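See below for run.cif, which holds mmCIF, C-alpha atoms.
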```
data_coords
loop_
_atom_site.label_atom_id
_atom_site.label_comp_id
_atom_site.auth_asym_id
_atom_site.auth_seq_id
_atom_site.Cartn_x
_atom_site.Cartn_y
_atom_site.Cartn_z
CA MET A 1 52.36 -4.44 -180.06
CA ALA A 2 49.24 -3.86 -178.00
CA ASP A 3 49.35 -0.12 -178.80
CA VAL A 4 49.66 -0.84 -182.52
CA TRP A 5 46.70 -3.24 -182.39
CA GLY A 6 44.64 -0.74 -180.42
CA ASN A 7 45.37 2.03 -182.91
CA LEU A 8 44.44 -0.25 -185.79
CA LYS A 9 41.10 -1.09 -184.18
CA ASN A 10 40.39 2.59 -183.63
CA GLN A 11 41.13 3.35 -187.27
CA VAL A 12 38.79 0.58 -188.41
CA ARG A 13 36.04 1.90 -186.13
CA HIS A 14 36.59 5.41 -187.47
CA VAL A 15 35.95 4.17 -190.99
CA LEU A 16 33.14 1.69 -190.37
CA TYR A 17 31.01 3.27 -187.62
CA PRO A 18 29.85 6.35 -189.59
CA ALA A 19 28.57 4.10 -192.38
CA TYR A 20 26.89 1.79 -189.87
CA GLU A 21 25.32 4.73 -188.01
CA ALA A 22 23.99 6.17 -191.26
CA ARG A 23 22.47 2.80 -192.11
CA VAL A 24 20.78 2.48 -188.69
CA LEU A 25 19.45 6.05 -188.92
CA ARG A 26 18.19 5.52 -192.47
CA ARG A 27 16.26 2.41 -191.46
CA MET A 28 14.81 3.91 -188.28
CA PRO A 29 10.98 3.75 -188.39
CA SER A 30 10.14 7.44 -187.99
CA GLU A 31 6.54 6.70 -187.03
CA ASN A 32 7.55 4.79 -183.89
CA LEU A 33 10.15 6.95 -182.19
CA PRO A 34 10.05 8.04 -178.54
CA LYS A 35 8.91 11.56 -177.74
CA HIS A 36 10.54 11.67 -174.31
CA ILE A 37 13.81 9.94 -173.39
CA GLY A 38 15.19 9.71 -169.87
CA VAL A 39 18.93 9.08 -169.54
CA MET A 40 20.78 7.87 -166.44
CA LEU A 41 24.33 9.11 -167.04
CA ASP A 42 26.03 6.41 -165.02
CA GLY A 43 29.62 5.20 -164.78
CA ASN A 44 31.77 8.36 -164.65
CA ARG A 45 33.71 7.26 -161.58
CA ARG A 46 34.29 3.71 -162.83
CA TRP A 47 35.40 5.07 -166.20
CA ALA A 48 37.91 7.34 -164.47
CA LYS A 49 39.27 4.44 -162.45
CA ALA A 50 39.57 2.29 -165.58
CA VAL A 51 41.68 4.94 -167.34
CA GLY A 52 43.77 5.69 -164.28
CA ARG A 53 42.46 9.18 -163.58
CA ASP A 54 40.75 10.84 -160.64
CA THR A 55 37.00 11.07 -160.10
CA ALA A 56 36.75 14.71 -161.21
CA HIS A 57 38.27 13.78 -164.56
CA GLY A 58 35.54 11.17 -165.00
CA HIS A 59 32.82 13.69 -164.22
CA ARG A 60 34.30 16.19 -166.68
CA ALA A 61 34.46 13.53 -169.38
CA GLY A 62 30.83 12.71 -168.67
CA ALA A 63 29.80 16.37 -168.82
CA ALA A 64 31.53 16.70 -172.19
CA ASN A 65 29.29 13.95 -173.57
CA ILE A 66 26.02 15.72 -172.74
CA GLU A 67 26.00 18.13 -175.69
CA PRO A 68 26.65 15.36 -178.26
CA LEU A 69 23.77 13.36 -176.77
CA LEU A 70 21.39 16.28 -177.12
CA GLY A 71 22.52 16.72 -180.72
CA TRP A 72 21.73 13.06 -181.42
CA CYS A 73 18.30 13.53 -179.85
CA ASP A 74 17.67 16.55 -182.07
CA GLU A 75 18.73 14.49 -185.06
CA VAL A 76 15.93 11.95 -184.61
CA GLY A 77 13.29 14.43 -183.45
CA ILE A 78 13.07 13.78 -179.71
CA GLU A 79 10.87 16.37 -178.00
CA VAL A 80 11.87 15.97 -174.33
CA VAL A 81 15.04 14.64 -172.69
CA THR A 82 15.56 14.16 -168.96
CA LEU A 83 19.19 13.92 -167.83
CA TRP A 84 19.89 12.57 -164.33
CA LEU A 85 23.09 14.31 -163.29
CA LEU A 86 22.95 14.08 -159.50
CA SER A 87 20.71 12.12 -157.15
CA THR A 88 19.65 13.02 -153.62
CA ASP A 89 21.83 10.10 -152.46
CA ASN A 90 24.83 11.64 -154.26
CA LEU A 91 24.51 14.66 -151.98
CA ASN A 92 25.88 12.49 -149.18
CA ARG A 93 29.23 12.03 -150.92
CA PRO A 94 32.34 13.52 -149.26
CA ALA A 95 32.76 17.25 -149.80
CA GLU A 96 36.06 16.74 -151.62
CA GLU A 97 34.15 14.85 -154.34
CA LEU A 98 30.76 16.58 -154.19
CA ASN A 99 31.97 20.17 -154.47
CA PRO A 100 33.96 19.65 -157.70
CA LEU A 101 31.04 17.65 -159.12
CA LEU A 102 28.60 20.48 -158.41
CA GLU A 103 31.01 22.92 -160.07
CA ILE A 104 31.23 20.68 -163.14
CA ILE A 105 27.43 20.46 -163.33
CA GLU A 106 27.09 24.24 -163.02
CA GLU A 107 29.59 24.77 -165.84
CA ALA A 108 27.89 22.20 -168.06
CA VAL A 109 24.44 23.74 -167.54
CA ASP A 110 25.80 27.25 -168.13
CA SER A 111 27.32 26.05 -171.42
CA LEU A 112 24.04 24.50 -172.57
CA ALA A 113 22.12 27.65 -171.67
CA PHE A 114 24.63 29.89 -173.46
CA GLN A 115 24.03 28.04 -176.73
CA ARG A 116 20.26 28.65 -176.57
CA ARG A 117 19.58 25.52 -178.61
CA TRP A 118 17.46 23.85 -175.92
CA ARG A 119 14.92 24.89 -173.29
CA LEU A 120 16.32 23.90 -169.90
CA HIS A 121 14.21 22.95 -166.90
CA PRO A 122 15.77 21.94 -163.58
CA VAL A 123 13.99 19.10 -161.78
CA GLY A 124 14.87 18.02 -158.28
CA ALA A 125 14.87 19.21 -154.70
CA LEU A 126 16.67 22.50 -155.33
CA ASP A 127 16.32 23.37 -151.66
CA LEU A 128 18.79 20.59 -150.84
CA LEU A 129 21.47 22.09 -153.11
CA PRO A 130 23.90 24.87 -152.26
CA ALA A 131 22.24 28.22 -152.91
CA SER A 132 24.76 29.07 -155.64
CA THR A 133 24.04 25.84 -157.54
CA ALA A 134 20.26 26.29 -157.29
CA ALA A 135 20.62 29.89 -158.51
CA ARG A 136 22.67 28.79 -161.56
CA LEU A 137 20.06 26.17 -162.47
CA LYS A 138 17.20 28.66 -162.14
CA ALA A 139 19.12 31.24 -164.20
CA ALA A 140 19.66 28.67 -166.97
CA GLU A 141 15.94 27.96 -167.01
CA GLU A 142 15.03 31.63 -167.15
CA SER A 143 17.54 32.44 -169.92
CA THR A 144 16.20 29.66 -172.17
CA ARG A 145 12.51 30.07 -171.41
CA ASP A 146 11.79 31.52 -174.87
CA VAL A 147 13.87 28.96 -176.79
CA GLU A 148 11.75 26.83 -179.13
CA GLY A 149 14.10 23.84 -179.18
CA MET A 150 13.88 20.53 -177.38
CA LEU A 151 12.94 20.60 -173.69
CA VAL A 152 15.79 19.32 -171.52
CA ASN A 153 15.05 18.44 -167.89
CA ILE A 154 18.20 18.76 -165.77
CA ALA A 155 17.75 16.40 -162.82
CA VAL A 156 20.07 17.60 -160.04
CA GLY A 157 19.43 16.72 -156.41
CA TYR A 158 16.77 14.42 -157.81
CA GLY A 159 15.19 11.36 -156.22
CA GLY A 160 11.99 9.69 -157.34
CA ARG A 161 10.66 9.13 -153.82
CA ARG A 162 11.44 12.72 -152.89
CA GLU A 163 9.62 13.93 -156.00
CA ILE A 164 6.46 12.01 -155.08
CA ALA A 165 6.62 13.29 -151.50
CA ASP A 166 7.07 16.85 -152.79
CA ALA A 167 4.11 16.38 -155.17
CA VAL A 168 1.83 15.19 -152.36
CA ARG A 169 3.03 18.03 -150.12
CA SER A 170 2.30 20.56 -152.87
CA LEU A 171 -1.13 19.04 -153.43
CA LEU A 172 -1.96 19.29 -149.71
CA HIS A 173 -0.82 22.92 -149.56
CA GLU A 174 -2.92 23.78 -152.61
CA HIS A 175 -6.09 22.32 -151.15
CA ALA A 176 -5.43 23.71 -147.68
CA ALA A 177 -5.34 27.17 -149.27
CA LYS A 178 -8.70 26.41 -150.88
CA GLY A 179 -10.19 25.28 -147.58
CA THR A 180 -10.61 21.66 -148.70
CA SER A 181 -10.89 19.30 -145.73
CA LEU A 182 -8.81 16.12 -145.55
CA GLU A 183 -12.00 14.08 -145.79
CA GLU A 184 -13.03 15.91 -148.96
CA LEU A 185 -9.57 15.55 -150.46
CA ALA A 186 -9.45 11.83 -149.68
CA GLY A 187 -12.72 11.44 -151.56
CA ILE A 188 -11.56 13.11 -154.77
CA ILE A 189 -7.80 12.51 -155.02
CA ASP A 190 -6.59 10.39 -157.93
CA VAL A 191 -3.36 9.77 -159.84
CA GLU A 192 -3.84 12.80 -162.07
CA HIS A 193 -3.99 15.11 -159.08
CA ILE A 194 -0.55 13.90 -158.00
CA ALA A 195 0.83 13.94 -161.56
CA ASP A 196 -0.14 17.61 -161.80
CA HIS A 197 2.30 18.39 -158.97
CA LEU A 198 5.34 16.44 -160.16
CA TYR A 199 8.52 18.23 -161.26
CA THR A 200 7.63 17.25 -164.85
CA LYS A 201 4.00 18.33 -164.73
CA GLY A 202 2.53 19.03 -168.15
CA GLN A 203 5.13 16.89 -169.93
CA PRO A 204 4.65 13.49 -171.56
CA ASP A 205 5.98 10.59 -169.51
CA PRO A 206 9.24 9.08 -170.80
CA ASP A 207 8.73 6.49 -173.53
CA LEU A 208 12.30 5.23 -173.21
CA VAL A 209 14.74 5.20 -170.29
CA ILE A 210 18.42 4.54 -171.04
CA ARG A 211 20.94 3.60 -168.36
CA THR A 212 24.63 3.31 -169.08
CA SER A 213 27.39 1.39 -167.23
CA GLY A 214 25.72 -2.02 -167.27
CA GLU A 215 23.57 -1.46 -164.17
CA GLN A 216 20.03 -2.75 -164.63
CA ARG A 217 17.97 -0.87 -162.08
CA LEU A 218 16.14 2.45 -161.84
CA GLY A 219 17.75 3.60 -158.62
CA GLY A 220 14.92 6.09 -158.04
CA PHE A 221 14.84 7.70 -161.49
CA LEU A 222 11.41 8.97 -162.59
CA LEU A 223 9.65 6.35 -160.46
CA TRP A 224 6.18 7.74 -161.10
CA GLN A 225 6.64 8.72 -164.73
CA SER A 226 8.35 5.51 -165.89
CA ALA A 227 5.49 3.15 -165.00
CA LYS A 228 4.93 2.38 -168.69
CA SER A 229 8.37 3.23 -170.06
CA GLU A 230 10.58 0.91 -172.08
CA PHE A 231 14.11 0.38 -170.72
CA TYR A 232 17.44 0.01 -172.45
CA PHE A 233 20.58 -0.90 -170.53
CA CYS A 234 23.95 -0.22 -172.16
CA GLU A 235 27.24 -1.71 -170.98
CA ALA A 236 29.31 1.38 -171.87
CA TYR A 237 30.23 3.80 -169.10
CA TRP A 238 28.65 7.19 -169.73
CA PRO A 239 31.82 8.95 -171.03
CA ASP A 240 32.17 6.17 -173.63
CA PHE A 241 28.51 6.28 -174.73
CA ARG A 242 28.56 6.93 -178.49
CA ARG A 243 26.14 7.96 -181.18
CA VAL A 244 25.94 4.34 -182.33
CA ASP A 245 24.93 3.29 -178.80
CA PHE A 246 22.20 5.93 -178.79
CA LEU A 247 20.89 4.89 -182.19
CA ARG A 248 20.83 1.25 -181.12
CA ALA A 249 18.78 2.19 -178.05
CA VAL A 250 16.27 4.14 -180.13
CA ARG A 251 16.11 1.35 -182.70
CA ALA A 252 15.48 -1.23 -179.98
CA TYR A 253 12.61 0.93 -178.70
CA ALA A 254 11.15 1.37 -182.19
CA GLN A 255 11.14 -2.39 -182.74
CA ARG A 256 9.28 -3.21 -179.55
CA GLU A 257 5.55 -3.80 -179.37
CA ARG A 258 4.38 -1.72 -176.44
CA ARG A 259 1.57 -3.41 -174.54
CA PHE A 260 1.00 -0.93 -171.68
CA GLY A 261 0.08 -3.77 -169.34
CA SER A 262 -2.58 -5.27 -171.59
#
```
Write out the structure in this file as structure tokens.
Amino acid sequence: MADVWGNLKNQVRHVLYPAYEARVLRRMPSENLPKHIGVMLDGNRRWAKAVGRDTAHGHRAGAANIEPLLGWCDEVGIEVVTLWLLSTDNLNRPAEELNPLLEIIEEAVDSLAFQRRWRLHPVGALDLLPASTAARLKAAEESTRDVEGMLVNIAVGYGGRREIADAVRSLLHEHAAKGTSLEELAGIIDVEHIADHLYTKGQPDPDLVIRTSGEQRLGGFLLWQSAKSEFYFCEAYWPDFRRVDFLRAVRAYAQRERRFGS
């Protein structure tokens, strides 16, 4: 009986959701949409546990949902998307989980690059990754450099604190090469100097950050760039995140009055 009821609910959703999504999209205020969206793709492991499968299956299901998300972003005219696929903390996971996850990420990035629909840009501490993974990410960036589509930041081996430390380190190296003394640098340094050395330098900061799985924290994602971002937390685990969930997030952003601390 439970299976029959579940199938009936799925059939109803199949009929009603497309109409509802079309209505939400039609009523979306086009003048107030985010230019840059950051997405924390969270909940793959818990989703796998909930459906009785292993962790790798959860990560593969999550990877399969990346391309649809980018298509939804294209649909509403998003210019930049940042996808957090692997944190620096995740690199401490056991090898029997980490190695398959890295392979899944490599395959997903290769697939996105092969389509040449989006311009890919890896962000993160690539020096912490296996050389083969870093090489695949760099190759994906190079092969899509001339693509005119949406810019997609692939955050792998990414941590917000590490990014800020790397930015300051890069800034110090730059000025050391110029012969700037520490006293001189201390007198002129400001937030823009550091921003110019972030992984996302030259890009607009994220207007909207979406986190799936019900967690309501940043966990180190775009710590510097998200200072004025709006946040949307979705209960769905990432593999279950649907177009309607995305549209609701964008609609919620469009309906907010952004105050920027004023």
*Which is closest to Glu106 (chain A) among A:Glu79, A:Val156, A:Arg162, A:Glu148, if we use all atoms listed in the file?*
A:Val156
*asked:* On this structure, the PyMOL selection byres ((chain A and resi 150) around 9) would catch which residues? List them as a list in words, sorted by chain and number.
replied: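 So the PyMOL selection byres ((chain A and resi 150) around 9) ends up selecting Leu70, Cys73, Asp74, Gly77, Ile78, Glu79, Val80, Val81, Arg117, Trp118, Arg119, Leu120, Val147, Glu148, Gly149, Leu151 and Val152 of chain A.
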*Could you tell me which of A:Thr144, A:Arg60, A:Leu41, A:Val76 comes closest to Arg251 (chain A) if we count only C-alpha atoms?*
A:Val76
Please evaluate the PyMOL selection byres ((chain A and resi 86-90) around 8) against the displayed coordinates and give the resulting residues as an mmCIF file with C-alpha atoms, in the frame of the given file.
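File written: expr.cif
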```cif
data_model
loop_
_atom_site.group_PDB
_atom_site.id
_atom_site.type_symbol
_atom_site.label_atom_id
_atom_site.label_comp_id
_atom_site.auth_asym_id
_atom_site.auth_seq_id
_atom_site.Cartn_x
_atom_site.Cartn_y
_atom_site.Cartn_z
ATOM 1 C CA TRP A 84 19.890 12.570 -164.330
ATOM 2 C CA LEU A 85 23.090 14.310 -163.290
ATOM 3 C CA LEU A 91 24.510 14.660 -151.980
ATOM 4 C CA ASN A 92 25.880 12.490 -149.180
ATOM 5 C CA ARG A 93 29.230 12.030 -150.920
ATOM 6 C CA LEU A 98 30.760 16.580 -154.190
ATOM 7 C CA ALA A 125 14.870 19.210 -154.700
ATOM 8 C CA ALA A 155 17.750 16.400 -162.820
ATOM 9 C CA VAL A 156 20.070 17.600 -160.040
ATOM 10 C CA GLY A 157 19.430 16.720 -156.410
ATOM 11 C CA TYR A 158 16.770 14.420 -157.810
ATOM 12 C CA GLY A 159 15.190 11.360 -156.220
#
```
*Just the residues within 7 Å of region 233-248 of chain A, please, counting only C-alpha atoms, with nothing from its chain fewer than 5 positions along; format it as a list in words.*
Glu21, Val24, Leu25, Leu41, Asp42, Gly43, Asn44, Trp47, Ala61, Gly62, Asn65, Trp72, Ile210, Arg211, Thr212, Ser213, Gly214 and Gln216 of chain A
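The interatomic distance for the pair CA of Pro100 (chain A) and CA of Leu112 (chain A) works out to 18.5 Å.
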*asked:* For the provided coordinates, the residues matched by the PyMOL selection byres ((chain A and resi 205) around 9) should be stated as a list in words.
replied: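 Applied to this file, the PyMOL selection byres ((chain A and resi 205) around 9) returns Lys35, His36, Ile37, Thr200, Gln203, Pro204, Pro206, Asp207, Leu222, Trp224, Gln225, Ser226, Ala227, Lys228 and Ser229 of chain A.
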